[in-house]
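Everything below belongs to structure20.json, which stores JSON, N, CA and C atoms.
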[["chain", "number", "residue", "atom", "x", "y", "z"],
["A", 1, "MET", "N", 100.49, 88.68, 87.75],
["A", 1, "MET", "CA", 101.91, 88.86, 87.99],
["A", 1, "MET", "C", 102.33, 87.97, 89.16],
["A", 2, "ARG", "N", 103.51, 87.43, 89.07],
["A", 2, "ARG", "CA", 104.02, 86.56, 90.11],
["A", 2, "ARG", "C", 104.94, 87.31, 91.08],
["A", 3, "GLU", "N", 105.10, 86.75, 92.28],
["A", 3, "GLU", "CA", 106.00, 87.33, 93.27],
["A", 3, "GLU", "C", 107.42, 87.44, 92.72],
["A", 4, "SER", "N", 107.85, 86.44, 91.95],
["A", 4, "SER", "CA", 109.22, 86.44, 91.40],
["A", 4, "SER", "C", 109.43, 87.60, 90.44],
["A", 5, "THR", "N", 108.38, 88.02, 89.74],
["A", 5, "THR", "CA", 108.49, 89.17, 88.84],
["A", 5, "THR", "C", 108.73, 90.45, 89.63],
["A", 6, "ILE", "N", 108.02, 90.59, 90.75],
["A", 6, "ILE", "CA", 108.20, 91.75, 91.62],
["A", 6, "ILE", "C", 109.59, 91.72, 92.25],
["A", 7, "GLU", "N", 110.05, 90.53, 92.63],
["A", 7, "GLU", "CA", 111.39, 90.39, 93.19],
["A", 7, "GLU", "C", 112.45, 90.85, 92.19],
["A", 8, "SER", "N", 112.32, 90.44, 90.94],
["A", 8, "SER", "CA", 113.28, 90.85, 89.91],
["A", 8, "SER", "C", 113.29, 92.36, 89.75],
["A", 9, "TYR", "N", 112.10, 92.96, 89.77],
["A", 9, "TYR", "CA", 112.00, 94.41, 89.66],
["A", 9, "TYR", "C", 112.65, 95.10, 90.86],
["A", 10, "LEU", "N", 112.41, 94.56, 92.06],
["A", 10, "LEU", "CA", 113.02, 95.12, 93.27],
["A", 10, "LEU", "C", 114.54, 95.11, 93.14],
["A", 11, "VAL", "N", 115.11, 93.98, 92.78],
["A", 11, "VAL", "CA", 116.56, 93.86, 92.66],
["A", 11, "VAL", "C", 117.10, 94.85, 91.62],
["A", 12, "GLU", "N", 116.42, 94.93, 90.48],
["A", 12, "GLU", "CA", 116.84, 95.85, 89.41],
["A", 12, "GLU", "C", 116.84, 97.30, 89.88],
["A", 13, "GLN", "N", 115.77, 97.71, 90.57],
["A", 13, "GLN", "CA", 115.65, 99.10, 91.03],
["A", 13, "GLN", "C", 116.65, 99.43, 92.13],
["A", 14, "VAL", "N", 116.89, 98.48, 93.03],
["A", 14, "VAL", "CA", 117.86, 98.71, 94.11],
["A", 14, "VAL", "C", 119.26, 98.85, 93.52],
["A", 15, "LYS", "N", 119.61, 97.98, 92.59],
["A", 15, "LYS", "CA", 120.93, 98.06, 91.95],
["A", 15, "LYS", "C", 121.10, 99.39, 91.21],
["A", 16, "ALA", "N", 120.03, 99.85, 90.57],
["A", 16, "ALA", "CA", 120.08, 101.14, 89.85],
["A", 16, "ALA", "C", 120.36, 102.30, 90.80],
["A", 17, "LYS", "N", 120.00, 102.15, 92.07],
["A", 17, "LYS", "CA", 120.26, 103.18, 93.07],
["A", 17, "LYS", "C", 121.58, 102.96, 93.80],
["A", 18, "GLY", "N", 122.35, 101.96, 93.35],
["A", 18, "GLY", "CA", 123.64, 101.69, 93.97],
["A", 18, "GLY", "C", 123.57, 100.83, 95.21],
["A", 19, "GLY", "N", 122.41, 100.21, 95.44],
["A", 19, "GLY", "CA", 122.22, 99.38, 96.62],
["A", 19, "GLY", "C", 122.35, 97.90, 96.33],
["A", 20, "GLU", "N", 122.03, 97.12, 97.35],
["A", 20, "GLU", "CA", 122.11, 95.67, 97.23],
["A", 20, "GLU", "C", 120.91, 95.04, 97.94],
["A", 21, "VAL", "N", 120.52, 93.85, 97.46],
["A", 21, "VAL", "CA", 119.44, 93.08, 98.06],
["A", 21, "VAL", "C", 120.01, 91.73, 98.48],
["A", 22, "ARG", "N", 119.66, 91.31, 99.68],
["A", 22, "ARG", "CA", 120.06, 90.00, 100.17],
["A", 22, "ARG", "C", 118.81, 89.18, 100.46],
["A", 23, "LYS", "N", 118.81, 87.94, 100.02],
["A", 23, "LYS", "CA", 117.75, 87.01, 100.38],
["A", 23, "LYS", "C", 118.16, 86.38, 101.70],
["A", 24, "VAL", "N", 117.27, 86.46, 102.68],
["A", 24, "VAL", "CA", 117.59, 86.02, 104.03],
["A", 24, "VAL", "C", 116.84, 84.74, 104.35],
["A", 25, "LYS", "N", 117.55, 83.79, 104.91],
["A", 25, "LYS", "CA", 116.93, 82.56, 105.38],
["A", 25, "LYS", "C", 117.06, 82.55, 106.90],
["A", 26, "TRP", "N", 115.94, 82.60, 107.58],
["A", 26, "TRP", "CA", 115.90, 82.67, 109.02],
["A", 26, "TRP", "C", 115.87, 81.26, 109.60],
["A", 27, "ILE", "N", 116.61, 81.04, 110.65],
["A", 27, "ILE", "CA", 116.61, 79.75, 111.33],
["A", 27, "ILE", "C", 115.82, 79.93, 112.62],
["A", 28, "GLY", "N", 114.75, 79.17, 112.76],
["A", 28, "GLY", "CA", 113.95, 79.21, 113.98],
["A", 28, "GLY", "C", 113.08, 80.44, 114.11],
["A", 29, "ARG", "N", 112.82, 81.14, 113.03],
["A", 29, "ARG", "CA", 112.02, 82.36, 113.10],
["A", 29, "ARG", "C", 111.10, 82.41, 111.88],
["A", 30, "ASN", "N", 109.96, 81.74, 111.97],
["A", 30, "ASN", "CA", 109.00, 81.75, 110.87],
["A", 30, "ASN", "C", 108.29, 83.09, 110.80],
["A", 31, "GLY", "N", 108.02, 83.53, 109.59],
["A", 31, "GLY", "CA", 107.26, 84.76, 109.39],
["A", 31, "GLY", "C", 108.08, 86.01, 109.21],
["A", 32, "ALA", "N", 109.40, 85.91, 109.35],
["A", 32, "ALA", "CA", 110.25, 87.10, 109.18],
["A", 32, "ALA", "C", 110.39, 87.44, 107.70],
["A", 33, "PRO", "N", 110.61, 88.70, 107.37],
["A", 33, "PRO", "CA", 110.79, 89.11, 105.98],
["A", 33, "PRO", "C", 111.95, 88.37, 105.33],
["A", 34, "ASP", "N", 111.82, 88.13, 104.03],
["A", 34, "ASP", "CA", 112.83, 87.32, 103.36],
["A", 34, "ASP", "C", 113.82, 88.11, 102.51],
["A", 35, "ARG", "N", 113.71, 89.43, 102.49],
["A", 35, "ARG", "CA", 114.66, 90.25, 101.73],
["A", 35, "ARG", "C", 115.17, 91.38, 102.61],
["A", 36, "LEU", "N", 116.44, 91.66, 102.49],
["A", 36, "LEU", "CA", 117.06, 92.80, 103.16],
["A", 36, "LEU", "C", 117.57, 93.74, 102.07],
["A", 37, "VAL", "N", 117.06, 94.95, 102.06],
["A", 37, "VAL", "CA", 117.46, 95.95, 101.07],
["A", 37, "VAL", "C", 118.39, 96.95, 101.76],
["A", 38, "MET", "N", 119.56, 97.14, 101.16],
["A", 38, "MET", "CA", 120.54, 98.10, 101.68],
["A", 38, "MET", "C", 120.76, 99.17, 100.61],
["A", 39, "LEU", "N", 120.48, 100.41, 100.98],
["A", 39, "LEU", "CA", 120.62, 101.54, 100.05],
["A", 39, "LEU", "C", 121.68, 102.50, 100.55],
["A", 40, "PRO", "N", 122.44, 103.08, 99.62],
["A", 40, "PRO", "CA", 123.48, 104.02, 100.03],
["A", 40, "PRO", "C", 122.88, 105.33, 100.54],
["A", 41, "ALA", "N", 123.70, 106.12, 101.18],
["A", 41, "ALA", "CA", 123.28, 107.43, 101.69],
["A", 41, "ALA", "C", 122.77, 108.28, 100.53],
["A", 42, "ARG", "N", 121.80, 109.11, 100.84],
["A", 42, "ARG", "CA", 121.22, 109.99, 99.81],
["A", 42, "ARG", "C", 122.09, 111.19, 99.50],
["A", 43, "GLY", "N", 122.97, 111.52, 100.37],
["A", 43, "GLY", "CA", 123.83, 112.67, 100.14],
["A", 43, "GLY", "C", 124.93, 112.72, 101.17],
["A", 44, "GLU", "N", 125.92, 113.53, 100.88],
["A", 44, "GLU", "CA", 127.04, 113.67, 101.81],
["A", 44, "GLU", "C", 126.67, 114.61, 102.95],
["A", 45, "VAL", "N", 127.27, 114.36, 104.10],
["A", 45, "VAL", "CA", 127.09, 115.25, 105.24],
["A", 45, "VAL", "C", 127.56, 116.65, 104.84],
["A", 46, "GLY", "N", 126.78, 117.64, 105.15],
["A", 46, "GLY", "CA", 127.13, 119.02, 104.80],
["A", 46, "GLY", "C", 126.61, 119.44, 103.44],
["A", 47, "ASN", "N", 126.16, 118.49, 102.62],
["A", 47, "ASN", "CA", 125.59, 118.81, 101.31],
["A", 47, "ASN", "C", 124.13, 118.39, 101.23],
["A", 48, "GLY", "N", 123.42, 118.53, 102.33],
["A", 48, "GLY", "CA", 122.00, 118.21, 102.35],
["A", 48, "GLY", "C", 121.68, 116.80, 102.77],
["A", 49, "GLY", "N", 122.69, 115.97, 102.96],
["A", 49, "GLY", "CA", 122.45, 114.59, 103.38],
["A", 49, "GLY", "C", 122.98, 114.33, 104.77],
["A", 50, "ASP", "N", 122.64, 113.17, 105.29],
["A", 50, "ASP", "CA", 123.13, 112.83, 106.63],
["A", 50, "ASP", "C", 124.26, 111.82, 106.57],
["A", 51, "GLY", "N", 124.59, 111.35, 105.36],
["A", 51, "GLY", "CA", 125.69, 110.42, 105.20],
["A", 51, "GLY", "C", 125.37, 109.00, 105.61],
["A", 52, "LYS", "N", 124.10, 108.74, 105.95],
["A", 52, "LYS", "CA", 123.72, 107.40, 106.41],
["A", 52, "LYS", "C", 122.93, 106.67, 105.34],
["A", 53, "GLY", "N", 123.24, 105.40, 105.16],
["A", 53, "GLY", "CA", 122.48, 104.56, 104.26],
["A", 53, "GLY", "C", 121.16, 104.15, 104.89],
["A", 54, "ARG", "N", 120.36, 103.45, 104.12],
["A", 54, "ARG", "CA", 119.06, 102.99, 104.62],
["A", 54, "ARG", "C", 118.99, 101.47, 104.51],
["A", 55, "THR", "N", 118.34, 100.86, 105.48],
["A", 55, "THR", "CA", 118.12, 99.42, 105.49],
["A", 55, "THR", "C", 116.63, 99.18, 105.63],
["A", 56, "VAL", "N", 116.08, 98.31, 104.77],
["A", 56, "VAL", "CA", 114.66, 98.00, 104.79],
["A", 56, "VAL", "C", 114.48, 96.49, 104.68],
["A", 57, "TRP", "N", 113.70, 95.91, 105.58],
["A", 57, "TRP", "CA", 113.30, 94.51, 105.46],
["A", 57, "TRP", "C", 112.06, 94.48, 104.58],
["A", 58, "VAL", "N", 112.08, 93.63, 103.56],
["A", 58, "VAL", "CA", 110.96, 93.58, 102.60],
["A", 58, "VAL", "C", 110.37, 92.17, 102.55],
["A", 59, "GLU", "N", 109.06, 92.11, 102.72],
["A", 59, "GLU", "CA", 108.30, 90.89, 102.52],
["A", 59, "GLU", "C", 107.60, 91.02, 101.17],
["A", 60, "LEU", "N", 107.96, 90.18, 100.23],
["A", 60, "LEU", "CA", 107.36, 90.23, 98.90],
["A", 60, "LEU", "C", 106.15, 89.31, 98.84],
["A", 61, "LYS", "N", 105.13, 89.79, 98.14],
["A", 61, "LYS", "CA", 103.90, 89.03, 97.95],
["A", 61, "LYS", "C", 103.45, 89.17, 96.51],
["A", 62, "ALA", "N", 102.69, 88.19, 96.04],
["A", 62, "ALA", "CA", 102.04, 88.33, 94.74],
["A", 62, "ALA", "C", 100.96, 89.41, 94.90],
["A", 63, "PRO", "N", 100.57, 90.08, 93.81],
["A", 63, "PRO", "CA", 99.57, 91.14, 93.91],
["A", 63, "PRO", "C", 98.30, 90.67, 94.63],
["A", 64, "GLY", "N", 97.90, 91.44, 95.62],
["A", 64, "GLY", "CA", 96.70, 91.15, 96.38],
["A", 64, "GLY", "C", 96.86, 90.12, 97.48],
["A", 65, "GLU", "N", 97.99, 89.43, 97.52],
["A", 65, "GLU", "CA", 98.21, 88.43, 98.56],
["A", 65, "GLU", "C", 98.50, 89.13, 99.88],
["A", 66, "LYS", "N", 97.94, 88.63, 100.96],
["A", 66, "LYS", "CA", 98.12, 89.22, 102.28],
["A", 66, "LYS", "C", 99.07, 88.39, 103.13],
["A", 67, "CYS", "N", 99.64, 89.01, 104.13],
["A", 67, "CYS", "CA", 100.50, 88.30, 105.08],
["A", 67, "CYS", "C", 99.66, 87.38, 105.95],
["A", 68, "ARG", "N", 100.25, 86.29, 106.33],
["A", 68, "ARG", "CA", 99.61, 85.36, 107.25],
["A", 68, "ARG", "C", 99.77, 85.91, 108.67],
["A", 69, "PRO", "N", 98.91, 85.45, 109.60],
["A", 69, "PRO", "CA", 98.97, 85.98, 110.97],
["A", 69, "PRO", "C", 100.36, 85.88, 111.61],
["A", 70, "HIS", "N", 101.07, 84.77, 111.40],
["A", 70, "HIS", "CA", 102.40, 84.65, 112.02],
["A", 70, "HIS", "C", 103.40, 85.63, 111.41],
["A", 71, "GLN", "N", 103.21, 85.99, 110.13],
["A", 71, "GLN", "CA", 104.06, 87.00, 109.51],
["A", 71, "GLN", "C", 103.77, 88.38, 110.08],
["A", 72, "ILE", "N", 102.49, 88.68, 110.25],
["A", 72, "ILE", "CA", 102.11, 89.97, 110.81],
["A", 72, "ILE", "C", 102.70, 90.13, 112.21],
["A", 73, "ARG", "N", 102.61, 89.09, 113.03],
["A", 73, "ARG", "CA", 103.18, 89.14, 114.38],
["A", 73, "ARG", "C", 104.68, 89.38, 114.34],
["A", 74, "GLU", "N", 105.38, 88.69, 113.46],
["A", 74, "GLU", "CA", 106.84, 88.84, 113.38],
["A", 74, "GLU", "C", 107.22, 90.23, 112.87],
["A", 75, "HIS", "N", 106.50, 90.73, 111.87],
["A", 75, "HIS", "CA", 106.78, 92.08, 111.36],
["A", 75, "HIS", "C", 106.59, 93.12, 112.45],
["A", 76, "GLU", "N", 105.52, 92.98, 113.23],
["A", 76, "GLU", "CA", 105.27, 93.93, 114.31],
["A", 76, "GLU", "C", 106.35, 93.83, 115.39],
["A", 77, "ARG", "N", 106.80, 92.63, 115.70],
["A", 77, "ARG", "CA", 107.88, 92.46, 116.67],
["A", 77, "ARG", "C", 109.13, 93.20, 116.20],
["A", 78, "MET", "N", 109.46, 93.05, 114.92],
["A", 78, "MET", "CA", 110.64, 93.72, 114.37],
["A", 78, "MET", "C", 110.47, 95.24, 114.38],
["A", 79, "ARG", "N", 109.28, 95.71, 114.06],
["A", 79, "ARG", "CA", 109.02, 97.16, 114.09],
["A", 79, "ARG", "C", 109.18, 97.72, 115.49],
["A", 80, "ARG", "N", 108.73, 96.97, 116.50],
["A", 80, "ARG", "CA", 108.91, 97.42, 117.88],
["A", 80, "ARG", "C", 110.40, 97.53, 118.24],
["A", 81, "MET", "N", 111.24, 96.81, 117.54],
["A", 81, "MET", "CA", 112.69, 96.86, 117.76],
["A", 81, "MET", "C", 113.34, 97.96, 116.92],
["A", 82, "GLY", "N", 112.52, 98.77, 116.24],
["A", 82, "GLY", "CA", 113.02, 99.89, 115.47],
["A", 82, "GLY", "C", 113.38, 99.57, 114.03],
["A", 83, "GLN", "N", 112.98, 98.39, 113.55],
["A", 83, "GLN", "CA", 113.29, 98.00, 112.19],
["A", 83, "GLN", "C", 112.20, 98.49, 111.24],
["A", 84, "ARG", "N", 112.61, 98.83, 110.04],
["A", 84, "ARG", "CA", 111.63, 99.19, 109.02],
["A", 84, "ARG", "C", 111.28, 97.92, 108.24],
["A", 85, "VAL", "N", 110.01, 97.54, 108.28],
["A", 85, "VAL", "CA", 109.54, 96.35, 107.58],
["A", 85, "VAL", "C", 108.43, 96.78, 106.63],
["A", 86, "GLU", "N", 108.55, 96.41, 105.36],
["A", 86, "GLU", "CA", 107.56, 96.77, 104.36],
["A", 86, "GLU", "C", 107.08, 95.52, 103.64],
["A", 87, "VAL", "N", 105.78, 95.47, 103.36],
["A", 87, "VAL", "CA", 105.19, 94.40, 102.57],
["A", 87, "VAL", "C", 104.90, 94.98, 101.19],
["A", 88, "VAL", "N", 105.42, 94.33, 100.16],
["A", 88, "VAL", "CA", 105.33, 94.85, 98.80],
["A", 88, "VAL", "C", 104.69, 93.81, 97.89],
["A", 89, "ASP", "N", 103.65, 94.25, 97.13],
["A", 89, "ASP", "CA", 102.99, 93.32, 96.21],
["A", 89, "ASP", "C", 102.82, 93.88, 94.80],
["A", 90, "SER", "N", 103.62, 94.92, 94.47],
["A", 90, "SER", "CA", 103.50, 95.54, 93.14],
["A", 90, "SER", "C", 104.76, 96.32, 92.80],
["A", 91, "PHE", "N", 104.88, 96.66, 91.52],
["A", 91, "PHE", "CA", 105.98, 97.53, 91.10],
["A", 91, "PHE", "C", 105.85, 98.89, 91.79],
["A", 92, "ALA", "N", 104.62, 99.40, 91.87],
["A", 92, "ALA", "CA", 104.40, 100.69, 92.53],
["A", 92, "ALA", "C", 104.82, 100.63, 93.99],
["A", 93, "GLY", "N", 104.59, 99.50, 94.63],
["A", 93, "GLY", "CA", 105.01, 99.33, 96.02],
["A", 93, "GLY", "C", 106.52, 99.36, 96.16],
["A", 94, "VAL", "N", 107.21, 98.74, 95.20],
["A", 94, "VAL", "CA", 108.68, 98.80, 95.19],
["A", 94, "VAL", "C", 109.13, 100.24, 95.07],
["A", 95, "ASP", "N", 108.55, 100.96, 94.11],
["A", 95, "ASP", "CA", 108.94, 102.35, 93.89],
["A", 95, "ASP", "C", 108.70, 103.20, 95.13],
["A", 96, "GLU", "N", 107.61, 102.96, 95.82],
["A", 96, "GLU", "CA", 107.27, 103.72, 97.04],
["A", 96, "GLU", "C", 108.29, 103.45, 98.14],
["A", 97, "VAL", "N", 108.66, 102.19, 98.34],
["A", 97, "VAL", "CA", 109.62, 101.83, 99.39],
["A", 97, "VAL", "C", 110.98, 102.44, 99.10],
["A", 98, "LEU", "N", 111.36, 102.53, 97.84],
["A", 98, "LEU", "CA", 112.69, 103.01, 97.47],
["A", 98, "LEU", "C", 112.76, 104.52, 97.31],
["A", 99, "ALA", "N", 111.61, 105.21, 97.38],
["A", 99, "ALA", "CA", 111.59, 106.68, 97.19],
["A", 99, "ALA", "C", 112.29, 107.39, 98.32]]
So, in terms of structure tokens, how does the structure I just supplied come out?
Amino acid sequence: MRESTIESYLVEQVKAKGGEVRKVKWIGRNGAPDRLVMLPARGEVGNGGDGKGRTVWVELKAPGEKCRPHQIREHERMRRMGQRVEVVDSFAGVDEVLA
């Protein structure tokens, strides 16, 4: 399976949940995730939800492919800033991130 196949599945699943995916091109920042996933709130305030949407930075990989050292460093830097960064290399990984 190719990375592009997983990307298509990610976009399809996010749209099915009412969200959007943006492909991000970073200037001067190698190793940063290349997809931004924006998901709507899970529920309304007062009806079991908090009314807040979710944002996830996603690094897509072909199955079994690992992040390079500079990507790992950048992902960790972003996590220290409170960002959610996920590396996904399968349909199951997409489903887990979107759960």
Seminar exercise, completed: In Å and to one decimal, atom C of Thr5 of chain A is distant from atom C of Arg79 of chain A by 26.9 Å
For this session: Enumerate the residues of segment 14-89 of chain A with a DSSP assignment of alpha helix (DSSP H), computed from the backbone, and present them as a list of chain:residue names.
Result: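 Residues of segment 14-89 of chain A classed as alpha helix (DSSP H): A:Val14, A:Lys15, A:Ala16, A:Pro69, A:His70, A:Gln71, A:Ile72, A:Arg73, A:Glu74, A:His75, A:Glu76, A:Arg77, A:Met78, A:Arg79, A:Arg80.
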Let me see the file: selected residues, N, CA and C atoms, as a compact mmCIF listing (two decimals), keeping the file's coordinate frame.
# COMPACT_ATOMS: atom_id res chain seq x y z
N VAL A 14 116.89 98.48 93.03
CA VAL A 14 117.86 98.71 94.11
C VAL A 14 119.26 98.85 93.52
N LYS A 15 119.61 97.98 92.59
CA LYS A 15 120.93 98.06 91.95
C LYS A 15 121.10 99.39 91.21
N ALA A 16 120.03 99.85 90.57
CA ALA A 16 120.08 101.14 89.85
C ALA A 16 120.36 102.30 90.80
N PRO A 69 98.91 85.45 109.60
CA PRO A 69 98.97 85.98 110.97
C PRO A 69 100.36 85.88 111.61
N HIS A 70 101.07 84.77 111.40
CA HIS A 70 102.40 84.65 112.02
C HIS A 70 103.40 85.63 111.41
N GLN A 71 103.21 85.99 110.13
CA GLN A 71 104.06 87.00 109.51
C GLN A 71 103.77 88.38 110.08
N ILE A 72 102.49 88.68 110.25
CA ILE A 72 102.11 89.97 110.81
C ILE A 72 102.70 90.13 112.21
N ARG A 73 102.61 89.09 113.03
CA ARG A 73 103.18 89.14 114.38
C ARG A 73 104.68 89.38 114.34
N GLU A 74 105.38 88.69 113.46
CA GLU A 74 106.84 88.84 113.38
C GLU A 74 107.22 90.23 112.87
N HIS A 75 106.50 90.73 111.87
CA HIS A 75 106.78 92.08 111.36
C HIS A 75 106.59 93.12 112.45
N GLU A 76 105.52 92.98 113.23
CA GLU A 76 105.27 93.93 114.31
C GLU A 76 106.35 93.83 115.39
N ARG A 77 106.80 92.63 115.70
CA ARG A 77 107.88 92.46 116.67
C ARG A 77 109.13 93.20 116.20
N MET A 78 109.46 93.05 114.92
CA MET A 78 110.64 93.72 114.37
C MET A 78 110.47 95.24 114.38
N ARG A 79 109.28 95.71 114.06
CA ARG A 79 109.02 97.16 114.09
C ARG A 79 109.18 97.72 115.49
N ARG A 80 108.73 96.97 116.50
CA ARG A 80 108.91 97.42 117.88
C ARG A 80 110.40 97.53 118.24
Problem set entry | Of the listed residues A:Glu12, A:Glu3, A:Glu86, A:Glu65, that which approaches Leu36 of chain A most closely, counting only C-alpha atoms |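 Smallest distance to Leu36 of chain A is found for A:Glu86.
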Seminar exercise, completed: atom CA of Gly82 of chain A sits from atom CA of Lys61 of chain A at a separation of 22.5 Å
Problem set entry | Length of the atom CA of Ala92 of chain A to atom CA of Arg29 of chain A vector [Å] | 28.6 Å
Mind running segment 32-84 of chain A against segment 25-28 of chain A at 8 Å and telling me each contacting residue's nearest atom pair with the distance in Å (one decimal), counting only N, CA and C atoms, chain and number ascending, as CSV?
residue,atom,partner,partner_atom,distance
A:Ala32,CA,A:Trp26,CA,7.2
A:Pro33,C,A:Lys25,N,7.2
A:Asp34,CA,A:Lys25,N,6.1
A:Arg35,N,A:Lys25,N,7.2
Exercise. Where does DSSP see strand (DSSP E) in chain A, if you list the residues as a PyMOL selection string?
Worked result: chain A and resi 20-23+35-39+54-60+85-88
Take the residues from that selection and put them in a file with N, CA and C atoms, as an mmCIF file, in the frame of the given file.
data_model
loop_
_atom_site.group_PDB
_atom_site.id
_atom_site.type_symbol
_atom_site.label_atom_id
_atom_site.label_comp_id
_atom_site.auth_asym_id
_atom_site.auth_seq_id
_atom_site.Cartn_x
_atom_site.Cartn_y
_atom_site.Cartn_z
ATOM 1 N N GLU A 20 122.030 97.120 97.350
ATOM 2 C CA GLU A 20 122.110 95.670 97.230
ATOM 3 C C GLU A 20 120.910 95.040 97.940
ATOM 4 N N VAL A 21 120.520 93.850 97.460
ATOM 5 C CA VAL A 21 119.440 93.080 98.060
ATOM 6 C C VAL A 21 120.010 91.730 98.480
ATOM 7 N N ARG A 22 119.660 91.310 99.680
ATOM 8 C CA ARG A 22 120.060 90.000 100.170
ATOM 9 C C ARG A 22 118.810 89.180 100.460
ATOM 10 N N LYS A 23 118.810 87.940 100.020
ATOM 11 C CA LYS A 23 117.750 87.010 100.380
ATOM 12 C C LYS A 23 118.160 86.380 101.700
ATOM 13 N N ARG A 35 113.710 89.430 102.490
ATOM 14 C CA ARG A 35 114.660 90.250 101.730
ATOM 15 C C ARG A 35 115.170 91.380 102.610
ATOM 16 N N LEU A 36 116.440 91.660 102.490
ATOM 17 C CA LEU A 36 117.060 92.800 103.160
ATOM 18 C C LEU A 36 117.570 93.740 102.070
ATOM 19 N N VAL A 37 117.060 94.950 102.060
ATOM 20 C CA VAL A 37 117.460 95.950 101.070
ATOM 21 C C VAL A 37 118.390 96.950 101.760
ATOM 22 N N MET A 38 119.560 97.140 101.160
ATOM 23 C CA MET A 38 120.540 98.100 101.680
ATOM 24 C C MET A 38 120.760 99.170 100.610
ATOM 25 N N LEU A 39 120.480 100.410 100.980
ATOM 26 C CA LEU A 39 120.620 101.540 100.050
ATOM 27 C C LEU A 39 121.680 102.500 100.550
ATOM 28 N N ARG A 54 120.360 103.450 104.120
ATOM 29 C CA ARG A 54 119.060 102.990 104.620
ATOM 30 C C ARG A 54 118.990 101.470 104.510
ATOM 31 N N THR A 55 118.340 100.860 105.480
ATOM 32 C CA THR A 55 118.120 99.420 105.490
ATOM 33 C C THR A 55 116.630 99.180 105.630
ATOM 34 N N VAL A 56 116.080 98.310 104.770
ATOM 35 C CA VAL A 56 114.660 98.000 104.790
ATOM 36 C C VAL A 56 114.480 96.490 104.680
ATOM 37 N N TRP A 57 113.700 95.910 105.580
ATOM 38 C CA TRP A 57 113.300 94.510 105.460
ATOM 39 C C TRP A 57 112.060 94.480 104.580
ATOM 40 N N VAL A 58 112.080 93.630 103.560
ATOM 41 C CA VAL A 58 110.960 93.580 102.600
ATOM 42 C C VAL A 58 110.370 92.170 102.550
ATOM 43 N N GLU A 59 109.060 92.110 102.720
ATOM 44 C CA GLU A 59 108.300 90.890 102.520
ATOM 45 C C GLU A 59 107.600 91.020 101.170
ATOM 46 N N LEU A 60 107.960 90.180 100.230
ATOM 47 C CA LEU A 60 107.360 90.230 98.900
ATOM 48 C C LEU A 60 106.150 89.310 98.840
ATOM 49 N N VAL A 85 110.010 97.540 108.280
ATOM 50 C CA VAL A 85 109.540 96.350 107.580
ATOM 51 C C VAL A 85 108.430 96.780 106.630
ATOM 52 N N GLU A 86 108.550 96.410 105.360
ATOM 53 C CA GLU A 86 107.560 96.770 104.360
ATOM 54 C C GLU A 86 107.080 95.520 103.640
ATOM 55 N N VAL A 87 105.780 95.470 103.360
ATOM 56 C CA VAL A 87 105.190 94.400 102.570
ATOM 57 C C VAL A 87 104.900 94.980 101.190
ATOM 58 N N VAL A 88 105.420 94.330 100.160
ATOM 59 C CA VAL A 88 105.330 94.850 98.800
ATOM 60 C C VAL A 88 104.690 93.810 97.890
#
Exercise. Which of these residues is nearest to Glu7 of chain A, using only C-alpha atoms: A:Met78, A:Leu39, A:Val24, A:Val58?
Worked result: A:Val58
Exercise. Within 8 Å of Pro40 of chain A, counting only C-alpha atoms, which residues qualify if same-chain residues fewer than 4 places away don't, as a list in words?
Worked result: Lys17, Gly18, Gly19, Lys52, Gly53 and Arg54 of chain A
Exercise. Could you pull the residues within 12 Å of Ile72 of chain A, counting only C-alpha atoms, minus those fewer than 2 positions along the same chain, as a PyMOL selection string?
Worked result: chain A and resi 30-33+59+66-70+74-79+85-87
